[in-house]
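Notes follow the structure.
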Amino acid sequence: MGLRERLGKEWLFCDGGTGSILQKLGLKGGELPETWNLTRPDDIKALNKGYFEAGSNIVNTNTFGANRFKFDNVPEIVKAAVKICQDARKEAGREDDAYVAIDVGPTGKLLEPMGDLAFNDAVDIFAEIIRAGCEAGGDLVLIETMSDSYEAKAAVVAAHEVCDLPVIVTMVYDESGKLLTGGGVEGTVAMLEGLKVDAIGINCGFGPKQMLPIAERLVKCCSLPIVVNPNAGLPRTENGVTVYDVDPEEFSEVMEKIASLGVHIMGGCCGTTPAHISRMIETVKTLPFTPPVLKNDTYVTSFADCVRIGKKPVIIGERINPTGKKKLQQALRDNNIDYILTEALKQEEAGAHILDVNVGLPEIDEPVMMENVILKLQSVTNLPLQIDTTDIEALERGMRIYNGKPMINSVNGKEENIKAVMPLVAKYGGVLVSLPLDENGIPATSDGRIAIAKRIYEAADRYGIPRKDIVIDGLAMTVSSDANSAIATLDTVRRVRDEFSGHSILGVSNISFGLPARELVNSHFLTMAMQNGLSCAIINPCNGPMMASYRSFNALMNLDPNLEEFINAYKDYVAGTSASSAGPKISSSSGNAVLSLAEAIERGVTGRAAEAMKEALDSGRESLEIIDSELIPALDRVGKGYEAGTVFLPQLLMSADAAKAAFAVVKEAMAGKPRTTKGQVILATVKGDIHDIGKNIVKVMLENYGYDVIDLGKDVPPEVIVDCAIENNIRVVGLSALMTTTVASMEETIELLREKKPNTKVVVGGAVMTPEYSDQIGADAYAKDAMATVRYCDSVFEG
C-alpha cells in the first residue's frame with residue numbers, strides 16, 4: 001500500500017537520530033556525515049536497518065546536508081544513500097510496509113531579501129537533491145529542521161516540480177512557537193496546507209516535554225496528518241562527547257501524552273536511538289487513533305503575521321494601486337520603490353490588516369515590477385499582501401516568490417479565466433477573491449451573482465482549492481448610475497454568508513463614484529455591508545470616516561474585546577470635530593508622507609535612510625550628534641523589539657541595512673578624517689558546519705553598533721581562528737554551530753584559544769546551543785540571538 005493511502009488512517013512511525021549515532025561510531029568533529037554513504041556504507045546501512053527493525057515505517061536517507069554548498073557530487077551522494085536505505089529495508093524484511101524518505105535539510109542560507117540566496121536558486125538546489133532521490137527510487141520527500149518558512153516553501157515547490165511523491169515538512173520552533181524568521185505555528189500550517197503537502201509537523205530543537213505545547217497548537221489548527229519528532233532532551237557534553245538525558249522509557253512516556261493529543265506520525269531526532277523508537281512504538285501502537293480533523297479557518301499570512309478571515313471584518317489597504325493615483329503612477333515609472341514602501345507603512349500604521357498590491361501600468365514590465373515590489377514590501381512590513389493583477393505572468397511570479405499564503409485578486413466566472421488562475425492557486429496556495437461576473441458581464445441582481453458564485457465554488461472543488469479559501473466579491477457598482485446597485489451588492493454579500501457560509505469582499509469606494517462627499521456615502525455603505533456579513537473591505541485606512549465606521553461597528557457588535565481598539569484610536573477625540581482615523585504618525589510635508597531618519601531606520605527603508613542622513617548633514621549638524629541622537633536610538637528600539645518578540649528577523653536585518661546606508665553617507669562625508677571603532681571581533685562558523693545564517697546576522701548587527709568584524713566564514717578550522725586572534729590581538733571571538741556533529745569543533749576551538757590566547761573571550765550561539773551546553777564546552781557566554789551578542793561585546797569593551 002502506498003504511503004498516501006496510509007497517512008492519517010493509522011499510526012505511522014519515523015526513525016530517530018543520525019548524527020548523534022554516527023558520532024559514537026567515530027564521526028569526527030567537522031566531518032560531513034553524508035560522506036559515509038561512499039566511504040562507510042555498511043555503517044549507514046546498519047543505522048538504517050536498526051530503525052527498520054525497531055519498527056519505523058519511515059526511515060530517512062543520510063542526506064540531511066547533501067546540497068551543493070557542501071558537495072560537488074550531490075546526485076552520487078543522494079543515490080548512494082537511497083540504495084543503502086533500500087538494502088537495509090530489504091535485509092530487515094520490511095519491504096511491504098516501510099518507506100525510504102529522501103531527507104532534505106536546510107541550506108544554511110537566508111533567502112533574499114534577508115540574505116543572498118534567491119528563492120528560485122533555492123528551488124534549484126533542493127530540486128537537485130530530490131530529483132536524484134526520486135530517480136534512485138525514494139518513496140517520499142521529508143523536508144525537515146526548517147526554521148524559515150520561506151526556505152521550506154522553496155523545498156516544497158522543488159519537490160512538486162520534480163516528482164509526485166508524498167511530501168512531509170517538519171519545522172523547528174522556539175519555546176514561544178516562533179520560527180527563526182518570525183512565523184508562528186498557525187501561519188506556517190496555513191502556508192504549507194496551501195502548498196498541498198501531505199503531512200506537517202515539528203522536529204529537533206527540544207525534547208518531547210518542551211514540544212507538548214507546540215504539538216497542541218498544531219492539533220488545533222492543522223487539517224493534515226501531524227508529525228512530532230523530538231530530540232532525546234537537550235544536549236550536553238560529557239568527556240568531550242555530546243549526550244542527551246532522556247532515556248527510552250522517559251521518551252516513550254512523554255510521547256504517549258503527545259499521541260493522546262491527536263497527532264498521527266511520531267519519531268525522534270537528535271539523541272534518539274532505535275531503542276527510543278522501539279519503546280515508543282510499543283507504547284503508542286495500541287492507543288486509540290484519531291484521524292485528522294478538517295479545520296474551517298481561513299488565513300492570509302506573511303512570513304510573520306497571520307490574518308484570520310472570519311466574523312470580524314478585515315481591512316485591506318487600497319493605496320498601492322495606480323488607478324487614479326498620479327504620484328504612484330510616476331513612482332512606478334521611476335522605479336521609486338521607497339514611495340511605495342512609505343505608502344505601505346502609512347496604511348499599516350493606520351490600521352490595515354492586509355495590503356493590496358497592484359502595479360499594473362501599460363508602459364512598465366508588470367511581472368518584474370510585481371516581483372520586485374513584493375520582495376521589497378515583505379522586507380519592511382509584516383502585513384500579508386493581496387496580489388492584485390490581471391496579468392497571469394505577473395500573478396505567477398508574485399505568488400511564487402511570496403513569503404506566506406497571499407490573497408489573490410482575482411478570478412471570475414469566465415471559463416478562460418478560471419483555467420488560467422485556479423491552477424496557480426492550487427499550486428502555490430492562496431485565498432482567492434472571486435468576482436461573480438462571466439462572459440455575459442456583471443449581473444444586475446443578486447440572483448445572477450449568486451449563480452456565478454456557485455459555479456466558482458464548484459470550479460474550486462475541481463482544482464482542489466478549499467471553499468474556505470474562496471472570497472466572493474459582492475461587486476460594488478456606483479449608485480450614481482444605478483439606484484439599485486447598492487441593494488444588489490448588499491444582498492449578494494448577505495447571501496454569500498447565509499447560503500454558502502462563505503466569505504465576501506468589496507471595493508467599498510466604488511459605490512460612490514461620481515458623487516460629491518464620497519466619504520460620507522462610503523462610510524455608511526461600509527457599515528451596511530458589515531451588518532450584512534462583509535468579511536473584507538478594500539478601503540483607504542488613512543481615511544478618518546471609513547475607519548470610524550469600521551471601529552464603531554466592531555465596538556457595537558462585540559468584536560473589539562474591552563473596546564481596546566476603539567479607545568486607543570479615539571481617546572483624544574473632541575466632540576464636534578471630525579473623527580480622526582488615529583492616522584499614521586509618519587511625518588509629512590506638503591501632504592506627502594516623509595520618513596524621518598529614525599523612522600526610515602526603524603522601518604528598514606534604505607533609500608530614505610541615506611537621503612535623510614544627507615539632509616541632516618547638509619543642515620549643518622555634526623555626524624556624531626546625528627548618530628548618537630537618532631541612528632543608535634533607532635537601532636536600539638528595533639533591537640529591544642526583537643528581544644521582546646514584537647520585531648522579527650526580516651525587520652531587524654532590513655533596519656540594519658538602512659542604518660548601514662546611513663552610515664555610508666557619514667563615512668563618505670568624513671573621508672580622510674579619523675574613524676572611531678569600539679573594537680575588533682572575530683566571527684566564524686566552526687569546522688564542518690556550513691550553516692552561516694546566525695553568524696551573518698550577528699555580523700550585521702555588530703557592524704551597525706560600531707564594531708569591526710573579521711568574518712572568517714564557515715567551516716573554519718580551530719587553528720585558523722586562533723592564529724587570527726593572536727595576529728590581531730582579538731578580545732572577543734564569536735563561534736556558531738547548527739549541527740550537534742560540529743559542537744566538538746567548537747569545543748576544540750575554545751580549548752585551543754585557552755591554550756594560545758587565554759585573554760580572549762568566547763561567545764557562542766546556534767541552534768544546538770544552550771546556556772548549559774555553552775558552560776560545559778568552556779565558553780565565556782551564550783548568546784541566544786544577535787542582539788545578545790551585541791550586548792555581550794558591549795559589556796567586554798565598555799566594561
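Here's how to read the names in the C-alpha cells: chain A, B, ... by the order shown, residue numbers from 1 in each chain, ligand numbers from 1 in the order shown.
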
Practice item. Step one, run DSSP on the backbone; step two, keep only residues of stretch 592-785 of chain A assigned to alpha helix (DSSP H); then write them as a count of residues only. Key: 100

Point to revise | Selection near A:Lys220, 9 Å with only C-alpha atoms, sequence-local residues under 4 positions removed, as a list in words | key: Glu186, Ala215, Glu216 and Lys295 of chain A

Residues from the last selection, N, CA and C atoms, saved as a PDB file, in the first residue's frame:
```
ATOM      1  N   GLU A 186       0.406  28.661  13.368  1.00  0.00           N
ATOM      2  CA  GLU A 186      -0.806  28.748  12.569  1.00  0.00           C
ATOM      3  C   GLU A 186      -0.522  29.257  11.153  1.00  0.00           C
ATOM      4  N   ALA A 215       2.849  20.983  19.909  1.00  0.00           N
ATOM      5  CA  ALA A 215       2.019  19.923  19.345  1.00  0.00           C
ATOM      6  C   ALA A 215       0.537  20.228  19.552  1.00  0.00           C
ATOM      7  N   GLU A 216       0.196  20.790  20.700  1.00  0.00           N
ATOM      8  CA  GLU A 216      -1.197  21.161  20.967  1.00  0.00           C
ATOM      9  C   GLU A 216      -1.686  22.199  19.968  1.00  0.00           C
ATOM     10  N   LYS A 295     -10.237  21.551   9.587  1.00  0.00           N
ATOM     11  CA  LYS A 295     -10.467  22.845  10.218  1.00  0.00           C
ATOM     12  C   LYS A 295     -11.012  23.809   9.158  1.00  0.00           C
TER      13      LYS A 295
END
```

**Study point:** Spatial neighbours of A:Ala725, 9 Å, only C-alpha atoms, chain gap at least 5 places, as JSON, numbers by chain
**Key:** {"A": [681, 682, 720, 730, 731, 732, 733, 753, 757, 760]}

Those same residues - N, CA, C and O atoms - I'd like them written as a short mmCIF file (atom, residue, chain, number, x, y, z; two decimals), in the first residue's frame.
```cif
data_model
loop_
_atom_site.label_atom_id
_atom_site.label_comp_id
_atom_site.auth_asym_id
_atom_site.auth_seq_id
_atom_site.Cartn_x
_atom_site.Cartn_y
_atom_site.Cartn_z
N VAL A 681 36.13 42.17 16.44
CA VAL A 681 35.56 40.90 16.87
C VAL A 681 35.70 39.90 15.74
O VAL A 681 35.46 40.24 14.57
N ILE A 682 36.11 38.68 16.07
CA ILE A 682 36.15 37.60 15.08
C ILE A 682 34.83 36.83 15.14
O ILE A 682 34.33 36.52 16.22
N VAL A 720 42.90 28.24 12.34
CA VAL A 720 42.74 29.50 11.61
C VAL A 720 42.16 30.58 12.53
O VAL A 720 42.59 31.73 12.52
N ILE A 730 42.78 39.92 19.32
CA ILE A 730 41.32 39.99 19.42
C ILE A 730 40.85 39.74 20.85
O ILE A 730 41.32 38.81 21.51
N ARG A 731 39.90 40.56 21.31
CA ARG A 731 39.37 40.40 22.67
C ARG A 731 38.14 39.49 22.72
O ARG A 731 37.86 38.90 23.76
N VAL A 732 37.38 39.42 21.61
CA VAL A 732 36.17 38.58 21.60
C VAL A 732 36.11 37.79 20.29
O VAL A 732 36.29 38.35 19.21
N VAL A 733 35.84 36.49 20.44
CA VAL A 733 35.59 35.60 19.29
C VAL A 733 34.17 35.06 19.43
O VAL A 733 33.77 34.58 20.49
N LEU A 753 42.07 28.17 21.97
CA LEU A 753 42.14 29.59 22.36
C LEU A 753 42.61 29.72 23.80
O LEU A 753 43.42 30.60 24.12
N LYS A 757 45.69 31.81 23.43
CA LYS A 757 45.27 33.22 23.60
C LYS A 757 44.27 33.29 24.75
O LYS A 757 43.09 33.57 24.59
N THR A 760 41.36 36.03 25.50
CA THR A 760 40.27 36.26 24.55
C THR A 760 38.97 35.63 25.07
O THR A 760 38.96 34.47 25.47
#
```

Review point. Neighbours of stretch 222-230 of chain A within 8 Å (only C-alpha atoms; same-chain residues fewer than 3 positions away dropped), as a ChimeraX atom specification?
Key: /A:7-8,14,16,170,186,189-190,193,198-208,211,215,218-219,233,263-270,291-295

Just C-alpha atoms for this one: save the residues we selected as a PDB file, in the first residue's frame.
```
ATOM      1  CA  LEU A   7      -1.340   8.779   6.096  1.00  0.00           C
ATOM      2  CA  GLY A   8      -3.922   9.906   8.620  1.00  0.00           C
ATOM      3  CA  CYS A  14       9.576   7.734  11.806  1.00  0.00           C
ATOM      4  CA  GLY A  16      15.392   8.756  15.170  1.00  0.00           C
ATOM      5  CA  THR A 170       8.689  19.433   9.804  1.00  0.00           C
ATOM      6  CA  GLU A 186      -0.806  28.748  12.569  1.00  0.00           C
ATOM      7  CA  VAL A 189       0.467  25.488   8.738  1.00  0.00           C
ATOM      8  CA  ALA A 190      -1.764  27.672   6.532  1.00  0.00           C
ATOM      9  CA  GLU A 193      -1.561  23.353   3.581  1.00  0.00           C
ATOM     10  CA  ASP A 198       0.879  15.583   2.765  1.00  0.00           C
ATOM     11  CA  ALA A 199       1.798  15.981   6.435  1.00  0.00           C
ATOM     12  CA  ILE A 200       3.061  18.780   8.679  1.00  0.00           C
ATOM     13  CA  GLY A 201       4.979  18.703  11.917  1.00  0.00           C
ATOM     14  CA  ILE A 202       7.821  19.677  14.190  1.00  0.00           C
ATOM     15  CA  ASN A 203      11.251  18.207  14.847  1.00  0.00           C
ATOM     16  CA  CYS A 204      14.506  18.951  16.654  1.00  0.00           C
ATOM     17  CA  GLY A 205      15.202  21.884  18.948  1.00  0.00           C
ATOM     18  CA  PHE A 206      13.585  20.376  22.051  1.00  0.00           C
ATOM     19  CA  GLY A 207      12.898  17.219  23.940  1.00  0.00           C
ATOM     20  CA  PRO A 208       9.390  15.779  23.989  1.00  0.00           C
ATOM     21  CA  MET A 211       7.274  20.055  22.337  1.00  0.00           C
ATOM     22  CA  ALA A 215       2.019  19.923  19.345  1.00  0.00           C
ATOM     23  CA  LEU A 218      -0.631  22.030  15.648  1.00  0.00           C
ATOM     24  CA  VAL A 219      -3.581  19.808  16.516  1.00  0.00           C
ATOM     25  CA  GLY A 233      16.068  16.093  25.631  1.00  0.00           C
ATOM     26  CA  VAL A 263      -1.016  13.515  16.313  1.00  0.00           C
ATOM     27  CA  HIS A 264      -0.528  10.797  13.710  1.00  0.00           C
ATOM     28  CA  ILE A 265       3.168  10.243  12.938  1.00  0.00           C
ATOM     29  CA  MET A 266       5.831  10.013  15.623  1.00  0.00           C
ATOM     30  CA  GLY A 267       9.562   9.518  15.764  1.00  0.00           C
ATOM     31  CA  GLY A 268      12.707  11.105  17.106  1.00  0.00           C
ATOM     32  CA  CYS A 269      15.550  13.422  16.229  1.00  0.00           C
ATOM     33  CA  CYS A 270      18.939  14.198  17.797  1.00  0.00           C
ATOM     34  CA  PRO A 291      -7.821  10.779  12.224  1.00  0.00           C
ATOM     35  CA  PRO A 292      -7.083  14.374  11.218  1.00  0.00           C
ATOM     36  CA  VAL A 293      -9.997  16.758  11.668  1.00  0.00           C
ATOM     37  CA  LEU A 294     -10.795  19.282   8.925  1.00  0.00           C
ATOM     38  CA  LYS A 295     -10.467  22.845  10.218  1.00  0.00           C
TER      39      LYS A 295
END
```

Check your understanding: Between A:Val508, A:Ile690, A:Val762, A:Cys536, which one has atoms that come closest to A:Met739, using only C-alpha atoms?
Key -> A:Ile690

Exercise for review: Using atom CA of A:Arg551 and atom CA of A:Leu563 as the two end points, give the distance in Å to one decimal.
Suggested key: 9.1 Å

Review point. Using only C-alpha atoms, which of A:Val722, A:Met701, A:Ala476, A:Ala555 sits nearest A:Glu755?
Key: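 Closest to A:Glu755 of all the choices is A:Val722.
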
Pick out the residues sitting within 12 Å of A:Arg333, and hand them over as a compact mmCIF listing (two decimals) with N, CA, C and O atoms, in the first residue's frame; count only C-alpha atoms, and ignore anything fewer than 5 positions along from it in its own chain.
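Done, and the output landed in selection_17.txt:
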```txt
# COMPACT_ATOMS: atom_id res chain seq x y z
N PRO A 322 -2.30 51.93 -8.86
CA PRO A 322 -2.08 53.17 -9.61
C PRO A 322 -3.34 53.80 -10.20
O PRO A 322 -3.29 54.94 -10.68
N LYS A 326 -1.83 59.62 -9.54
CA LYS A 326 -0.76 60.08 -10.42
C LYS A 326 0.62 59.93 -9.80
O LYS A 326 1.59 59.60 -10.48
N LYS A 327 0.72 60.19 -8.50
CA LYS A 327 2.04 60.09 -7.84
C LYS A 327 2.53 58.66 -7.82
O LYS A 327 3.73 58.40 -8.03
N LEU A 328 1.63 57.71 -7.56
CA LEU A 328 2.03 56.31 -7.58
C LEU A 328 2.38 55.87 -9.00
O LEU A 328 3.35 55.12 -9.21
N TYR A 339 8.80 55.22 -2.35
CA TYR A 339 7.47 55.83 -2.29
C TYR A 339 6.42 54.76 -1.99
O TYR A 339 5.52 54.97 -1.16
N ILE A 340 6.53 53.61 -2.64
CA ILE A 340 5.57 52.52 -2.44
C ILE A 340 5.69 51.99 -1.01
O ILE A 340 4.68 51.72 -0.35
N VAL A 359 0.45 46.88 -9.43
CA VAL A 359 1.50 47.70 -10.04
C VAL A 359 1.32 47.77 -11.55
O VAL A 359 2.28 48.00 -12.29
N GLY A 360 0.09 47.58 -12.03
CA GLY A 360 -0.15 47.49 -13.46
C GLY A 360 -0.21 48.84 -14.15
O GLY A 360 -1.11 49.64 -13.91
N LEU A 361 0.77 49.10 -14.99
CA LEU A 361 0.77 50.23 -15.91
C LEU A 361 1.20 49.73 -17.28
O LEU A 361 2.12 48.90 -17.36
N PRO A 362 0.60 50.24 -18.35
CA PRO A 362 0.93 49.72 -19.69
C PRO A 362 2.40 49.86 -20.06
O PRO A 362 2.97 49.02 -20.75
N GLU A 363 3.05 50.92 -19.56
CA GLU A 363 4.42 51.21 -20.01
C GLU A 363 5.51 50.55 -19.18
O GLU A 363 6.69 50.78 -19.43
N ILE A 364 5.16 49.75 -18.15
CA ILE A 364 6.19 49.09 -17.36
C ILE A 364 6.10 47.57 -17.51
O ILE A 364 5.08 47.05 -17.97
N ASP A 365 7.16 46.88 -17.12
CA ASP A 365 7.19 45.42 -17.14
C ASP A 365 6.53 44.95 -15.85
O ASP A 365 7.16 44.87 -14.80
N GLU A 366 5.23 44.64 -15.91
CA GLU A 366 4.48 44.34 -14.69
C GLU A 366 4.99 43.10 -13.96
O GLU A 366 5.10 43.12 -12.73
N MET A 369 8.11 44.13 -12.08
CA MET A 369 7.77 45.09 -11.02
C MET A 369 7.03 44.41 -9.87
O MET A 369 7.30 44.68 -8.69
```

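Comparing the minimum interatomic distances between A:Tyr150 and each of A:Ile401, A:Leu383, A:Ile44, A:Leu27, counting only C-alpha atoms, we find that A:Ile401 sits nearest.
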
**Study point:** Spatial neighbours of A:Trp36, max dist 10 Å, only C-alpha atoms, sep filter under 4 positions, as a list in words
**Key:** Leu22, Leu27, Glu31, Leu32, Arg40, Pro41, Asp42, Asp43, Ile44, Asn62, Ile77, Ala80 and Ala81 of chain A

Grab the residues selected above and save them as a short mmCIF file (atom, residue, chain, number, x, y, z; two decimals), in the first residue's frame with all heavy atoms.
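Output saved as result30.cif:
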```cif
data_model
loop_
_atom_site.label_atom_id
_atom_site.label_comp_id
_atom_site.auth_asym_id
_atom_site.auth_seq_id
_atom_site.Cartn_x
_atom_site.Cartn_y
_atom_site.Cartn_z
N LEU A 22 26.15 8.44 14.61
CA LEU A 22 27.39 8.33 13.82
C LEU A 22 28.59 8.83 14.62
O LEU A 22 29.71 8.34 14.45
CB LEU A 22 27.26 9.12 12.51
CG LEU A 22 26.20 8.60 11.52
CD1 LEU A 22 26.26 9.40 10.22
CD2 LEU A 22 26.38 7.11 11.24
N LEU A 27 32.42 9.28 13.87
CA LEU A 27 32.36 10.50 13.06
C LEU A 27 33.09 11.61 13.80
O LEU A 27 32.76 11.94 14.93
CB LEU A 27 30.90 10.90 12.83
CG LEU A 27 30.69 12.12 11.90
CD1 LEU A 27 30.95 11.74 10.45
CD2 LEU A 27 29.27 12.67 12.05
N GLU A 31 33.47 16.47 10.44
CA GLU A 31 33.37 15.53 9.31
C GLU A 31 31.93 15.50 8.81
O GLU A 31 30.98 15.49 9.60
CB GLU A 31 33.81 14.13 9.73
CG GLU A 31 33.87 13.13 8.59
CD GLU A 31 34.33 11.75 9.06
OE1 GLU A 31 34.55 11.58 10.28
OE2 GLU A 31 34.47 10.85 8.19
N LEU A 32 31.75 15.50 7.50
CA LEU A 32 30.41 15.53 6.93
C LEU A 32 29.81 14.13 6.95
O LEU A 32 30.35 13.21 6.33
CB LEU A 32 30.46 16.06 5.49
CG LEU A 32 31.03 17.48 5.32
CD1 LEU A 32 31.07 17.86 3.85
CD2 LEU A 32 30.21 18.49 6.12
N ARG A 40 31.81 4.68 4.13
CA ARG A 40 31.46 3.69 5.15
C ARG A 40 29.99 3.27 5.00
O ARG A 40 29.17 3.43 5.93
CB ARG A 40 31.74 4.26 6.55
CG ARG A 40 33.22 4.55 6.78
CD ARG A 40 33.51 5.13 8.16
NE ARG A 40 33.16 4.22 9.25
CZ ARG A 40 33.45 4.44 10.54
NH1 ARG A 40 34.12 5.55 10.88
NH2 ARG A 40 33.10 3.60 11.48
N PRO A 41 29.62 2.78 3.84
CA PRO A 41 28.21 2.46 3.58
C PRO A 41 27.65 1.40 4.53
O PRO A 41 26.45 1.43 4.82
CB PRO A 41 28.22 1.96 2.13
CG PRO A 41 29.63 1.53 1.88
CD PRO A 41 30.48 2.45 2.68
N ASP A 42 28.48 0.48 5.00
CA ASP A 42 27.97 -0.57 5.90
C ASP A 42 27.48 0.02 7.22
O ASP A 42 26.50 -0.47 7.79
CB ASP A 42 29.05 -1.62 6.15
CG ASP A 42 29.33 -2.47 4.92
OD1 ASP A 42 28.47 -2.48 4.01
OD2 ASP A 42 30.39 -3.12 4.88
N ASP A 43 28.18 1.05 7.70
CA ASP A 43 27.73 1.69 8.95
C ASP A 43 26.40 2.40 8.75
O ASP A 43 25.53 2.38 9.64
CB ASP A 43 28.79 2.68 9.44
CG ASP A 43 30.01 1.98 10.03
OD1 ASP A 43 29.83 1.01 10.77
OD2 ASP A 43 31.14 2.42 9.74
N ILE A 44 26.22 3.04 7.60
CA ILE A 44 24.96 3.72 7.32
C ILE A 44 23.84 2.69 7.16
O ILE A 44 22.72 2.89 7.67
CB ILE A 44 25.08 4.60 6.07
CG1 ILE A 44 26.18 5.65 6.25
CG2 ILE A 44 23.74 5.27 5.76
CD1 ILE A 44 25.97 6.58 7.43
N ASN A 62 20.57 9.19 4.54
CA ASN A 62 21.63 10.00 5.15
C ASN A 62 22.00 11.14 4.20
O ASN A 62 23.09 11.19 3.64
CB ASN A 62 22.85 9.12 5.46
CG ASN A 62 23.98 9.90 6.11
OD1 ASN A 62 23.74 10.84 6.86
ND2 ASN A 62 25.21 9.53 5.80
N ILE A 77 25.98 11.23 -4.00
CA ILE A 77 25.78 11.08 -2.55
C ILE A 77 24.34 10.64 -2.26
O ILE A 77 24.10 9.73 -1.45
CB ILE A 77 26.06 12.43 -1.84
CG1 ILE A 77 27.54 12.80 -1.94
CG2 ILE A 77 25.58 12.39 -0.39
CD1 ILE A 77 28.44 12.11 -0.97
N ALA A 80 23.42 7.06 -3.61
CA ALA A 80 24.04 6.04 -2.76
C ALA A 80 23.25 5.87 -1.46
O ALA A 80 23.03 4.74 -0.99
CB ALA A 80 25.48 6.41 -2.45
N ALA A 81 22.80 6.98 -0.88
CA ALA A 81 22.05 6.93 0.37
C ALA A 81 20.72 6.20 0.20
O ALA A 81 20.32 5.41 1.07
CB ALA A 81 21.81 8.35 0.89
#
```

Exercise for review: Find the residue from A:Ser623, A:Ser504, A:Ser549, A:Thr492 that sits nearest to A:Lys311; use only C-alpha atoms when measuring.
Suggested key: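 Among the listed residues, A:Ser504 lies closest to A:Lys311.
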